[in-house]
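One file, model.cif, carrying mmCIF, C-alpha atoms (C1' of nucleotides) and all ligand atoms:
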data_input
loop_
_atom_site.label_atom_id
_atom_site.label_comp_id
_atom_site.auth_asym_id
_atom_site.auth_seq_id
_atom_site.Cartn_x
_atom_site.Cartn_y
_atom_site.Cartn_z
CA MET A 10 6.52 -5.22 -24.51
CA PRO A 11 9.90 -3.50 -24.29
CA THR A 12 13.12 -5.48 -24.17
CA THR A 13 15.36 -5.52 -21.12
CA ILE A 14 17.62 -2.98 -22.76
CA GLU A 15 14.73 -0.69 -23.55
CA LEU A 16 13.47 -0.88 -19.98
CA GLU A 17 16.91 0.05 -18.77
CA SER A 18 17.03 3.00 -21.12
CA LEU A 19 13.65 4.19 -19.93
CA LEU A 20 14.89 4.22 -16.35
CA ARG A 21 18.17 5.95 -17.14
CA GLU A 22 16.57 8.58 -19.34
CA THR A 23 14.31 9.46 -16.48
CA GLY A 24 17.20 9.82 -14.08
CA LEU A 25 16.29 6.73 -12.09
CA ARG A 26 18.91 4.28 -10.95
CA VAL A 27 18.72 0.91 -12.61
CA THR A 28 17.98 -1.74 -10.02
CA ARG A 29 16.68 -5.26 -10.20
CA PRO A 30 13.34 -4.46 -8.53
CA ARG A 31 12.76 -1.53 -10.84
CA MET A 32 13.47 -3.52 -13.96
CA ALA A 33 11.23 -6.30 -12.71
CA VAL A 34 8.31 -4.09 -11.68
CA LEU A 35 8.43 -1.97 -14.81
CA GLY A 36 8.49 -5.12 -16.90
CA ALA A 37 5.56 -6.56 -14.97
CA VAL A 38 3.48 -3.42 -15.46
CA CYS A 39 4.22 -3.45 -19.19
CA GLU A 40 3.19 -7.06 -19.52
CA HIS A 41 0.12 -6.84 -17.33
CA PRO A 42 -1.70 -3.57 -17.96
CA HIS A 43 -4.19 -2.54 -15.27
CA ALA A 44 -2.84 -5.05 -12.75
CA ASP A 45 -3.14 -4.18 -9.08
CA THR A 46 -0.22 -3.95 -6.69
CA GLY A 47 -0.72 -7.43 -5.30
CA SER A 48 -0.60 -8.97 -8.75
CA ILE A 49 2.46 -6.95 -9.63
CA ILE A 50 4.19 -8.22 -6.51
CA ASP A 51 3.33 -11.80 -7.45
CA VAL A 52 4.47 -11.49 -11.04
CA THR A 53 7.67 -9.76 -10.04
CA ARG A 54 8.53 -12.55 -7.62
CA GLU A 55 7.75 -15.25 -10.15
CA ASP A 56 10.01 -13.66 -12.73
CA PHE A 57 12.84 -12.35 -10.57
CA GLY A 58 12.72 -14.05 -7.18
CA ALA A 59 12.51 -12.34 -3.83
CA VAL A 60 11.40 -8.73 -3.70
CA SER A 61 9.96 -7.01 -0.65
CA HIS A 62 6.45 -5.66 -0.86
CA GLN A 63 7.77 -2.30 0.27
CA ALA A 64 10.21 -2.21 -2.63
CA VAL A 65 7.37 -2.73 -5.06
CA TYR A 66 5.35 0.06 -3.47
CA ASP A 67 8.39 2.35 -3.57
CA VAL A 68 9.17 1.48 -7.16
CA LEU A 69 5.60 1.98 -8.30
CA ARG A 70 5.61 5.39 -6.71
CA ALA A 71 8.96 6.31 -8.25
CA LEU A 72 7.83 5.15 -11.69
CA THR A 73 4.56 7.03 -11.31
CA ASP A 74 6.30 10.22 -10.23
CA ALA A 75 8.71 9.84 -13.12
CA GLY A 76 5.82 9.48 -15.53
CA LEU A 77 6.80 6.02 -16.72
CA VAL A 78 3.63 4.44 -15.43
CA ARG A 79 0.20 5.71 -14.59
CA GLN A 80 -1.86 4.86 -11.57
CA ILE A 81 -5.61 4.38 -11.83
CA GLN A 82 -8.03 3.91 -8.97
CA PRO A 83 -11.57 2.96 -9.89
CA ALA A 84 -13.92 3.50 -6.95
CA GLY A 85 -14.03 0.49 -4.69
CA SER A 86 -10.88 -0.96 -6.17
CA VAL A 87 -7.26 -0.95 -5.10
CA ALA A 88 -4.66 0.95 -7.11
CA ARG A 89 -3.84 -0.37 -10.54
CA TYR A 90 -1.00 0.52 -12.89
CA GLU A 91 -0.31 0.66 -16.59
CA SER A 92 2.61 1.69 -18.77
CA ARG A 93 0.48 3.35 -21.42
CA VAL A 94 1.04 6.97 -20.51
CA GLY A 95 0.80 10.37 -22.10
CA ASP A 96 -2.26 9.75 -24.24
CA ASN A 97 -5.02 10.54 -21.74
CA HIS A 98 -7.09 7.47 -22.52
CA HIS A 99 -9.96 6.32 -20.35
CA HIS A 100 -11.22 3.03 -18.97
CA ILE A 101 -14.21 0.73 -18.88
CA VAL A 102 -14.66 -1.24 -15.68
CA CYS A 103 -16.82 -4.36 -15.57
CA ARG A 104 -19.27 -4.26 -12.69
CA ALA A 105 -19.29 -8.03 -12.44
CA CYS A 106 -15.65 -9.09 -12.57
CA GLY A 107 -13.66 -5.86 -12.36
CA ALA A 108 -12.01 -6.34 -15.72
CA ILE A 109 -10.63 -3.14 -17.20
CA ALA A 110 -10.30 -2.19 -20.87
CA ASP A 111 -8.86 0.88 -22.54
CA VAL A 112 -11.01 3.48 -24.23
CA ASP A 113 -9.61 6.23 -26.35
CA CYS A 114 -10.73 9.69 -25.42
CA ALA A 115 -14.34 9.95 -26.49
CA VAL A 116 -14.46 13.10 -28.61
CA GLY A 117 -10.96 14.09 -29.54
CA GLU A 118 -9.56 15.58 -26.36
CA ALA A 119 -11.16 18.92 -25.75
CA PRO A 120 -14.55 18.17 -24.24
CA CYS A 121 -13.01 16.28 -21.38
CA LEU A 122 -11.46 19.45 -20.07
CA THR A 123 -14.38 21.81 -20.44
CA PRO A 124 -16.82 21.25 -17.61
CA SER A 125 -19.87 23.47 -17.65
CA GLY A 126 -19.58 25.89 -14.77
CA ASN A 127 -16.22 25.24 -13.20
CA HIS A 128 -16.81 27.10 -9.93
CA GLY A 129 -13.58 29.00 -10.38
CA TYR A 130 -11.44 25.89 -10.51
CA VAL A 131 -8.49 25.74 -12.89
CA VAL A 132 -9.00 22.34 -14.47
CA ASP A 133 -6.02 20.46 -15.84
CA GLU A 134 -7.29 16.93 -16.20
CA ALA A 135 -10.48 14.99 -16.72
CA GLU A 136 -10.68 11.35 -15.83
CA VAL A 137 -13.51 9.31 -17.27
CA ILE A 138 -14.48 5.91 -15.97
CA TYR A 139 -17.17 3.97 -17.77
CA ARG A 140 -18.96 1.17 -15.99
CA GLY A 141 -20.83 -1.75 -17.45
CA ILE A 142 -20.60 -5.44 -18.20
CA CYS A 143 -17.72 -6.99 -20.10
CA PRO A 144 -18.26 -9.43 -22.97
CA ASP A 145 -17.36 -12.43 -20.84
CA CYS A 146 -19.74 -11.51 -18.05
CA SER A 147 -22.64 -10.75 -20.37
CA THR A 148 -22.52 -14.29 -21.78
CA ASP A 149 -21.53 -16.11 -18.65
CA TYR A 150 -23.89 -15.10 -15.96
CA PRO A 151 -22.74 -12.44 -13.46
CA SER A 152 -19.98 -14.30 -11.70
CA GLU A 153 -17.61 -13.17 -8.99
CA LYS A 154 -14.29 -14.10 -10.50
CA ASN A 155 -11.83 -11.41 -9.63
CA ASP A 156 -8.47 -12.13 -11.14
CA PRO A 157 -7.11 -8.78 -12.30
CA LEU A 158 -4.30 -10.51 -14.18
CA ARG A 159 -6.31 -12.98 -16.14
CA LYS A 160 -9.04 -10.57 -17.15
CA GLU A 161 -7.99 -7.25 -18.49
CA THR A 162 -7.61 -7.54 -22.19
CA SER A 163 -10.77 -9.57 -22.60
CA ALA A 164 -12.20 -7.84 -25.62
CA MET B 14 -31.76 21.31 3.53
CA PRO B 15 -34.85 19.22 4.19
CA THR B 16 -36.80 19.59 7.43
CA THR B 17 -37.00 16.82 9.99
CA ILE B 18 -40.40 15.86 8.65
CA GLU B 19 -39.11 15.72 5.11
CA LEU B 20 -36.21 13.56 6.13
CA GLU B 21 -38.59 11.20 7.86
CA SER B 22 -40.76 11.03 4.76
CA LEU B 23 -37.74 10.25 2.61
CA LEU B 24 -36.88 7.31 4.83
CA ARG B 25 -40.42 5.98 5.00
CA GLU B 26 -41.03 6.31 1.28
CA THR B 27 -37.97 4.21 0.68
CA GLY B 28 -39.17 1.52 3.03
CA LEU B 29 -36.52 2.24 5.63
CA ARG B 30 -37.36 2.33 9.32
CA VAL B 31 -37.09 5.72 10.93
CA THR B 32 -34.39 5.70 13.56
CA ARG B 33 -32.39 8.35 15.29
CA PRO B 34 -29.07 7.43 13.67
CA ARG B 35 -30.66 7.40 10.22
CA MET B 36 -32.28 10.78 10.68
CA ALA B 37 -29.04 12.18 12.01
CA VAL B 38 -26.80 10.76 9.30
CA LEU B 39 -29.15 11.66 6.47
CA GLY B 40 -29.40 15.17 7.85
CA ALA B 41 -25.63 15.42 8.13
CA VAL B 42 -25.13 14.32 4.54
CA CYS B 43 -27.68 16.88 3.33
CA GLU B 44 -25.98 19.66 5.24
CA HIS B 45 -22.43 18.71 4.35
CA PRO B 46 -22.26 17.56 0.75
CA HIS B 47 -19.14 15.59 -0.20
CA ALA B 48 -18.19 15.01 3.44
CA ASP B 49 -16.25 11.87 4.25
CA THR B 50 -17.39 9.24 6.72
CA GLY B 51 -15.26 10.56 9.55
CA SER B 52 -16.72 14.01 9.21
CA ILE B 53 -20.23 12.61 9.06
CA ILE B 54 -19.60 10.70 12.26
CA ASP B 55 -18.37 13.87 13.95
CA VAL B 56 -21.26 16.01 12.78
CA THR B 57 -23.79 13.36 13.73
CA ARG B 58 -22.39 13.14 17.25
CA GLU B 59 -22.30 16.90 17.67
CA ASP B 60 -25.93 17.22 16.62
CA PHE B 61 -27.43 14.10 18.16
CA GLY B 62 -25.09 12.73 20.79
CA ALA B 63 -23.60 9.26 20.90
CA VAL B 64 -23.69 7.14 17.78
CA SER B 65 -21.45 4.20 17.05
CA HIS B 66 -19.17 4.36 14.08
CA GLN B 67 -20.58 1.07 12.88
CA ALA B 68 -24.09 2.48 12.89
CA VAL B 69 -22.96 5.32 10.67
CA TYR B 70 -21.31 2.92 8.25
CA ASP B 71 -24.42 0.76 8.22
CA VAL B 72 -26.71 3.73 7.72
CA LEU B 73 -24.60 5.15 4.92
CA ARG B 74 -24.73 1.83 3.14
CA ALA B 75 -28.49 1.51 3.67
CA LEU B 76 -29.06 5.04 2.39
CA THR B 77 -26.79 4.41 -0.57
CA ASP B 78 -28.50 1.14 -1.46
CA ALA B 79 -31.86 2.89 -1.14
CA GLY B 80 -30.69 5.60 -3.49
CA LEU B 81 -31.12 8.43 -0.99
CA VAL B 82 -27.45 9.28 -1.01
CA ARG B 83 -24.62 8.72 -3.43
CA GLN B 84 -21.13 7.60 -2.62
CA ILE B 85 -18.15 9.08 -4.44
CA GLN B 86 -14.56 7.96 -4.19
CA PRO B 87 -11.97 10.23 -5.75
CA ALA B 88 -8.65 8.44 -6.19
CA GLY B 89 -6.51 8.76 -3.11
CA SER B 90 -9.42 9.84 -0.97
CA VAL B 91 -11.72 8.01 1.39
CA ALA B 92 -15.40 7.57 0.55
CA ARG B 93 -17.53 10.69 0.48
CA TYR B 94 -21.28 11.10 0.38
CA GLU B 95 -23.85 13.52 -0.97
CA SER B 96 -27.62 13.71 -1.05
CA ARG B 97 -27.81 15.10 -4.56
CA VAL B 98 -28.80 12.00 -6.47
CA GLY B 99 -30.40 11.04 -9.72
CA ASP B 100 -28.96 13.81 -11.86
CA ASN B 101 -25.67 12.23 -12.91
CA HIS B 102 -23.58 15.27 -12.13
CA HIS B 103 -19.81 15.18 -11.94
CA HIS B 104 -17.12 16.59 -9.67
CA ILE B 105 -14.04 18.77 -9.60
CA VAL B 106 -11.41 17.82 -7.06
CA CYS B 107 -8.76 20.30 -5.94
CA ARG B 108 -5.28 18.82 -6.16
CA ALA B 109 -4.06 21.03 -3.33
CA CYS B 110 -6.71 20.78 -0.62
CA GLY B 111 -9.09 18.07 -1.76
CA ALA B 112 -12.10 20.36 -1.93
CA ILE B 113 -14.89 19.04 -4.13
CA ALA B 114 -17.40 21.02 -6.18
CA ASP B 115 -20.30 19.92 -8.34
CA VAL B 116 -20.23 20.07 -12.11
CA ASP B 117 -23.27 19.52 -14.23
CA CYS B 118 -22.88 16.96 -16.96
CA ALA B 119 -20.67 18.56 -19.59
CA VAL B 120 -22.56 18.13 -22.82
CA GLY B 121 -26.14 17.24 -22.04
CA GLU B 122 -25.94 13.62 -21.06
CA ALA B 123 -25.38 11.51 -24.12
CA PRO B 124 -21.66 11.80 -24.86
CA CYS B 125 -20.74 10.53 -21.45
CA LEU B 126 -22.17 7.15 -22.32
CA THR B 127 -20.72 6.71 -25.75
CA PRO B 128 -17.06 5.75 -25.52
CA SER B 129 -15.32 5.24 -28.83
CA GLY B 130 -14.62 1.56 -29.21
CA ASN B 131 -16.24 -0.09 -26.23
CA HIS B 132 -14.50 -3.46 -26.55
CA GLY B 133 -17.83 -5.23 -26.40
CA TYR B 134 -18.73 -3.81 -23.01
CA VAL B 135 -22.32 -2.82 -22.32
CA VAL B 136 -21.84 0.59 -20.76
CA ASP B 137 -24.45 1.94 -18.36
CA GLU B 138 -22.65 4.78 -16.62
CA ALA B 139 -19.88 7.26 -17.13
CA GLU B 140 -18.20 8.95 -14.21
CA VAL B 141 -16.14 12.05 -14.82
CA ILE B 142 -13.72 13.47 -12.32
CA TYR B 143 -12.03 16.76 -13.11
CA ARG B 144 -8.86 17.74 -11.32
CA GLY B 145 -7.35 21.12 -10.82
CA ILE B 146 -6.90 23.94 -8.36
CA CYS B 147 -9.77 25.50 -6.45
CA PRO B 148 -10.22 29.29 -6.15
CA ASP B 149 -8.93 29.37 -2.59
CA CYS B 150 -5.78 27.44 -3.40
CA SER B 151 -4.96 29.43 -6.50
CA THR B 152 -4.81 32.65 -4.48
CA ASP B 153 -3.43 31.26 -1.26
CA TYR B 154 -0.33 29.34 -2.09
CA PRO B 155 -0.63 25.57 -2.34
CA SER B 156 -1.32 24.65 1.25
CA GLU B 157 -2.04 21.32 2.84
CA LYS B 158 -5.23 22.13 4.67
CA ASN B 159 -7.47 19.12 4.43
CA ASP B 160 -10.75 19.77 6.18
CA PRO B 161 -13.43 18.16 4.03
CA LEU B 162 -16.14 19.90 6.03
CA ARG B 163 -14.89 23.41 5.84
CA LYS B 164 -13.96 23.33 2.20
CA GLU B 165 -16.48 21.90 -0.17
CA THR B 166 -18.73 24.67 -1.31
CA SER B 167 -15.88 27.08 -1.79
CA ALA B 168 -16.87 28.58 -5.09
"C1'" DA C 25 -48.92 -5.49 24.70
"C1'" DG C 26 -46.29 -8.91 22.22
"C1'" DC C 27 -43.53 -10.66 18.02
"C1'" DT C 28 -40.03 -10.52 15.06
"C1'" DA C 29 -37.15 -8.77 11.69
"C1'" DA C 30 -34.41 -5.05 11.38
"C1'" DC C 31 -31.31 -2.27 13.75
"C1'" DC C 32 -27.56 -0.62 16.88
"C1'" DT C 33 -23.43 -1.33 20.09
"C1'" DT C 34 -19.11 -3.15 21.24
"C1'" DG C 35 -14.85 -4.83 20.14
"C1'" DA C 36 -12.12 -7.61 17.23
"C1'" DT C 37 -10.32 -8.17 12.61
"C1'" DC C 38 -8.96 -7.35 7.89
"C1'" DG C 39 -6.40 -5.59 3.92
"C1'" DA C 40 -3.96 -2.08 1.64
"C1'" DT C 41 -0.67 1.12 2.37
"C1'" DT C 42 2.74 3.62 4.94
"C1'" DC C 43 6.36 4.46 8.47
"C1'" DA C 44 10.92 3.62 10.45
"C1'" DA C 45 15.63 2.00 10.94
"C1'" DG C 46 19.32 -0.28 9.31
"C1'" DA C 47 21.72 -2.93 5.44
"C1'" DA C 48 22.79 -3.10 0.60
"C1'" DA C 49 23.87 -1.44 -3.76
"C1'" DG C 50 24.13 2.02 -7.78
"C1'" DC C 51 26.93 5.45 -9.81
"C1'" DG C 52 30.07 9.39 -10.40
"C1'" DG C 53 34.64 10.68 -9.33
"C1'" DA C 54 39.50 9.56 -7.75
"C1'" DT D 7 39.18 -0.51 -10.07
"C1'" DC D 8 38.07 1.30 -5.79
"C1'" DC D 9 35.61 4.99 -2.61
"C1'" DG D 10 32.18 7.29 -0.76
"C1'" DC D 11 27.93 9.40 -0.95
"C1'" DT D 12 23.34 8.83 -1.77
"C1'" DT D 13 19.53 6.33 -3.05
"C1'" DT D 14 17.25 2.23 -2.67
"C1'" DC D 15 15.98 -2.19 -0.54
"C1'" DT D 16 14.75 -5.26 3.53
"C1'" DT D 17 12.44 -6.21 7.61
"C1'" DG D 18 8.90 -5.61 10.70
"C1'" DA D 19 5.75 -2.73 12.97
"C1'" DA D 20 2.05 0.54 12.60
"C1'" DT D 21 -1.76 3.08 10.65
"C1'" DC D 22 -6.25 3.81 8.66
"C1'" DG D 23 -10.61 3.03 6.70
"C1'" DA D 24 -13.72 -0.36 6.50
"C1'" DT D 25 -15.81 -4.77 7.67
"C1'" DC D 26 -17.05 -8.82 10.52
"C1'" DA D 27 -19.28 -11.06 14.42
"C1'" DA D 28 -22.13 -11.63 18.48
"C1'" DG D 29 -25.34 -9.95 21.40
"C1'" DG D 30 -28.70 -6.61 23.10
"C1'" DT D 31 -32.33 -3.17 21.58
"C1'" DT D 32 -36.09 -1.29 19.06
"C1'" DA D 33 -39.38 -0.01 15.34
"C1'" DG D 34 -43.33 -1.31 13.16
"C1'" DC D 35 -46.98 -4.41 12.66
"C1'" DT D 36 -50.82 -7.32 14.54
MN MN E 1 -5.36 1.81 -19.75
MN MN E 2 -21.85 16.37 -5.91
ZN ZN E 3 -16.68 -8.89 -16.45
ZN ZN E 4 -8.08 23.79 -2.98
#
Show the structure stored in the file as structure tokens.
Amino acid sequence: MPTTIELESLLRETGLRVTRPRMAVLGAVCEHPHADTGSIIDVTREDFGAVSHQAVYDVLRALTDAGLVRQIQPAGSVARYESRVGDNHHHIVCRACGAIADVDCAVGEAPCLTPSGNHGYVVDEAEVIYRGICPDCSTDYPSEKNDPLRKETSA
Amino acid sequence: MPTTIELESLLRETGLRVTRPRMAVLGAVCEHPHADTGSIIDVTREDFGAVSHQAVYDVLRALTDAGLVRQIQPAGSVARYESRVGDNHHHIVCRACGAIADVDCAVGEAPCLTPSGNHGYVVDEAEVIYRGICPDCSTDYPSEKNDPLRKETSA
DNA sequence: AGCTAACCTTGATCGATTCAAGAAAGCGGA
DNA sequence: TCCGCTTTCTTGAATCGATCAAGGTTAGCT
């Protein structure tokens, strides 16, 4: 979890203006990996007071475009964000509660980019999403708790 | 592309009642792999006259639950459907035009289900989505044509 | 033919995201 | 430090895919 100063540096180095919403949102994403936009809005408001939902959407897009955060969109889920970028890691999504955990690239890095029979496509990225049941949900019985903030490092 | 009789058999074998909307939608999905719901609605109406949008949604869900079709949801795209099921194949999505092509599972089948360090999750599926540029878009310059019907077997 | 659960139609509603217009604020230069 | 330009933020409406809800219709079975 970067300090305030480090967050500011990150923004400046990327050529982004340093604003209160940006500091707040970037901090929230760092502290709550894999949180969805709604959760990020909530956290940002708790920590820094009033921020418009539109500002958060704009900031998330700016940060994503700048490469400071990464957006992930598991099927059937809203967009989620994380500050762990540049390492091409993958994710495990719990079918029961939606919890997300990180998974390092399965076999080095190469196999992910070499589909068999690419139909003439020039492939530049491979996204892998594993699905299953998280530790909590395999002990508890399949429950429908869906708090993306509370459950994402449960492992 | 299955005949009318074959489509009917598919429905019956799955325990689904044979209705006009179901025949039409199932046929449309078979003929237009990776089409989105809107396109399926259009095709269905062209081929079989009036059908409510809700009926199409209901049918797609019924067919999906029955395992006759598979739903895919590339990030940033609406739901798409295909009748190729049960073979765990993957997809390549064109960044420029959204065209989707099939990719057989990269290395047999095993590696897709063995993430390194699974955080205690019990994994039962691995979905892989490749991203890149399709043949059409690499010759043409990056254009913004987005017709999911016209461009999905372009390879 | 008659029953009944399953199905379809219509129209409203939802939730996430985006659009649009004006106000506010960051930042480089004077 | 102050200006001015540009980006960014606020407010509020709008869009889009998908779902909900209520009622009429129909397929499949007896
Ligand atoms: Mn991650
Ligand atoms: Mn396919
Ligand atoms: Zn879980
Ligand atoms: Zn393309």
Please determine the contact residues of chain C with respect to chain A at a cut-off of 12 Å, counting all atoms listed in the file, and supply them as a PyMOL selection string. chain C and resi 39-43+48-51
Kindly compile the residues surrounding ligand ZN 4 (chain E) within 8 Å, counting all atoms listed in the file, and format them as an NGL selection string. :B and (106-112 or 146-151 or 155 or 164)
Neighbours of chain A in chain B at 6 Å, counting only C-alpha atoms, as an MDAnalysis selection string: chainID B and resid 86 88 119 128:129 132:148 168
Close residues, stretch 32-38 of chain A itself excluded, 10 Å, only C-alpha atoms (C1' of nucleotides), min 4 positions apart in chain, as a PyMOL selection string: chain A and resi 10-14+16-17+19-20+26-28+42-46+48-58+60+64-66+68-69+72+77-79+89-93
Written file, previous selection with C-alpha atoms, as a PDB file, in the coordinates of the input:
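The result, stored in out-v1.pdb:
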ATOM      1  CA  MET A  10       6.520  -5.220 -24.510  1.00  0.00           C
ATOM      2  CA  PRO A  11       9.900  -3.500 -24.290  1.00  0.00           C
ATOM      3  CA  THR A  12      13.120  -5.480 -24.170  1.00  0.00           C
ATOM      4  CA  THR A  13      15.360  -5.520 -21.120  1.00  0.00           C
ATOM      5  CA  ILE A  14      17.620  -2.980 -22.760  1.00  0.00           C
ATOM      6  CA  LEU A  16      13.470  -0.880 -19.980  1.00  0.00           C
ATOM      7  CA  GLU A  17      16.910   0.050 -18.770  1.00  0.00           C
ATOM      8  CA  LEU A  19      13.650   4.190 -19.930  1.00  0.00           C
ATOM      9  CA  LEU A  20      14.890   4.220 -16.350  1.00  0.00           C
ATOM     10  CA  ARG A  26      18.910   4.280 -10.950  1.00  0.00           C
ATOM     11  CA  VAL A  27      18.720   0.910 -12.610  1.00  0.00           C
ATOM     12  CA  THR A  28      17.980  -1.740 -10.020  1.00  0.00           C
ATOM     13  CA  PRO A  42      -1.700  -3.570 -17.960  1.00  0.00           C
ATOM     14  CA  HIS A  43      -4.190  -2.540 -15.270  1.00  0.00           C
ATOM     15  CA  ALA A  44      -2.840  -5.050 -12.750  1.00  0.00           C
ATOM     16  CA  ASP A  45      -3.140  -4.180  -9.080  1.00  0.00           C
ATOM     17  CA  THR A  46      -0.220  -3.950  -6.690  1.00  0.00           C
ATOM     18  CA  SER A  48      -0.600  -8.970  -8.750  1.00  0.00           C
ATOM     19  CA  ILE A  49       2.460  -6.950  -9.630  1.00  0.00           C
ATOM     20  CA  ILE A  50       4.190  -8.220  -6.510  1.00  0.00           C
ATOM     21  CA  ASP A  51       3.330 -11.800  -7.450  1.00  0.00           C
ATOM     22  CA  VAL A  52       4.470 -11.490 -11.040  1.00  0.00           C
ATOM     23  CA  THR A  53       7.670  -9.760 -10.040  1.00  0.00           C
ATOM     24  CA  ARG A  54       8.530 -12.550  -7.620  1.00  0.00           C
ATOM     25  CA  GLU A  55       7.750 -15.250 -10.150  1.00  0.00           C
ATOM     26  CA  ASP A  56      10.010 -13.660 -12.730  1.00  0.00           C
ATOM     27  CA  PHE A  57      12.840 -12.350 -10.570  1.00  0.00           C
ATOM     28  CA  GLY A  58      12.720 -14.050  -7.180  1.00  0.00           C
ATOM     29  CA  VAL A  60      11.400  -8.730  -3.700  1.00  0.00           C
ATOM     30  CA  ALA A  64      10.210  -2.210  -2.630  1.00  0.00           C
ATOM     31  CA  VAL A  65       7.370  -2.730  -5.060  1.00  0.00           C
ATOM     32  CA  TYR A  66       5.350   0.060  -3.470  1.00  0.00           C
ATOM     33  CA  VAL A  68       9.170   1.480  -7.160  1.00  0.00           C
ATOM     34  CA  LEU A  69       5.600   1.980  -8.300  1.00  0.00           C
ATOM     35  CA  LEU A  72       7.830   5.150 -11.690  1.00  0.00           C
ATOM     36  CA  LEU A  77       6.800   6.020 -16.720  1.00  0.00           C
ATOM     37  CA  VAL A  78       3.630   4.440 -15.430  1.00  0.00           C
ATOM     38  CA  ARG A  79       0.200   5.710 -14.590  1.00  0.00           C
ATOM     39  CA  ARG A  89      -3.840  -0.370 -10.540  1.00  0.00           C
ATOM     40  CA  TYR A  90      -1.000   0.520 -12.890  1.00  0.00           C
ATOM     41  CA  GLU A  91      -0.310   0.660 -16.590  1.00  0.00           C
ATOM     42  CA  SER A  92       2.610   1.690 -18.770  1.00  0.00           C
ATOM     43  CA  ARG A  93       0.480   3.350 -21.420  1.00  0.00           C
TER      44      ARG A  93
END
Proximity to C:DG26 - best of D:DA20, D:DC35, D:DC8, D:DC26, only C-alpha atoms (C1' of nucleotides): D:DC35
Tell me the residues of chain D close to chain B, meaning within 9 Å using all atoms listed in the file, as a PyMOL selection string. chain D and resi 23-24+33-34
Please, what distance in Å, to one decimal, runs between atom CA of A:Asp67 and atom CA of A:Arg31? 9.3 Å
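Relative to atom CA of A:His98, atom CA of A:Leu25 is found at 25.6 Å.
Separating atom CA of A:Ala75 from atom C1' of D:DC15 is a distance of 18.9 Å.
Nearest residue to ligand MN 2 (chain E), choosing from B:Ser65, B:Cys43, B:Thr152, B:Thr77 and counting all atoms listed in the file: B:Cys43.
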Using all atoms listed in the file, the residue out of C:DC38, C:DC32, C:DA25, C:DA54 with shortest distance to D:DG30 is C:DC32
